[in-house]
Amino acid sequence: MGEPSREEYKIQSFDAETQQLLKTALKDPGAVDLEKVANVIVDHSLQDCVFSKEAGRMCYAIIQVNNMPMMALVNPVYDCLFRLAQPDSLSKEEEVDCLVLQLHRVGEQLEKMNGQRMDELFVLIRDGFLLPTGLSSLAQLLLLEIIEFRAAGWKTTPAAHKYYYSEVSD
């Protein structure tokens with residue numbers, strides 16, 4: 001057996017039927033129920049955090065065909081983000097970092113597709129920032145930054161960039 005190509009994904013932990021579904025989705029997203037694919041990927045990611053990076057790669061590959069597959073991913077992605085915005089997750093810096101990173105990457109697109117859910121998500125984020133939940137200073141900074149990022153139209157203003165990233169670049 002040779003080395004796996006870049007197009008191969010780590011889906012061996014799925015049953016044969018699910019593996020076939022995922023392979024088909026990666027080759028021809030229009031030939032499968034993308035909402036089912038998204039739910040399978042998200043459910044597995046929530047159970048196995050090691051798989052999450054692979055899941056992201058798979059979803060990215062699926063939506064490269066056109067933006068229609070993105071519609072099937074909207075609610076499952078929101079479900080993951082809502083999970084990361086719960087108080088028990090916000091108390092873990094790595095989970096806050098994941099939440100903020102994903103919102104930087106896809107927040108604007110998600111909001112265009114379902115603005116009401118984004119509003120609900122940011123209520124959780126705001127409450128998590130404001131209410132005493134044992135957040136670390138870094139977690140508070142990350143949450144404040146993403147709140148400002150969204151408020152500025154999903155862009156970083158020069159002042160915000162200087163405030164949040166000056167320590168990093170110095």
# chains A, B, ... in the order shown; residues from 1 in each chain; ligands from 1
call {"tool": "residues_around", "arguments": {"residues": "region 111-128 of chain A", "least_positions_apart": "2", "cutoff": "12 Å", "atoms": "only C-alpha atoms", "output": "PyMOL selection string"}}
result
chain A and resi 67-68+70-92+96+99-100+103-109+130-136+139-151+153-154
call {"tool": "residues_around", "arguments": {"residues": "region 15-27 of chain A", "least_positions_apart": "2", "cutoff": "12 Å", "atoms": "only C-alpha atoms", "output": "number ranges by chain"}}
result
A: 7-13, 29-41, 44, 55, 57-65, 69, 72
call {"tool": "atom_distance", "arguments": {"atom1": "CA of Gly56 (chain A)", "atom2": "CA of Asp28 (chain A)"}}
result
17.4 Å
call {"tool": "closest_residue", "arguments": {"among": "A:Phe129, A:Cys49, A:Tyr165, A:Phe14", "to": "Cys98 (chain A)", "atoms": "only C-alpha atoms"}}
result
A:Cys49
call {"tool": "atom_distance", "arguments": {"atom1": "CA of His161 (chain A)", "atom2": "CA of Lys53 (chain A)"}}
result
26.9 Å
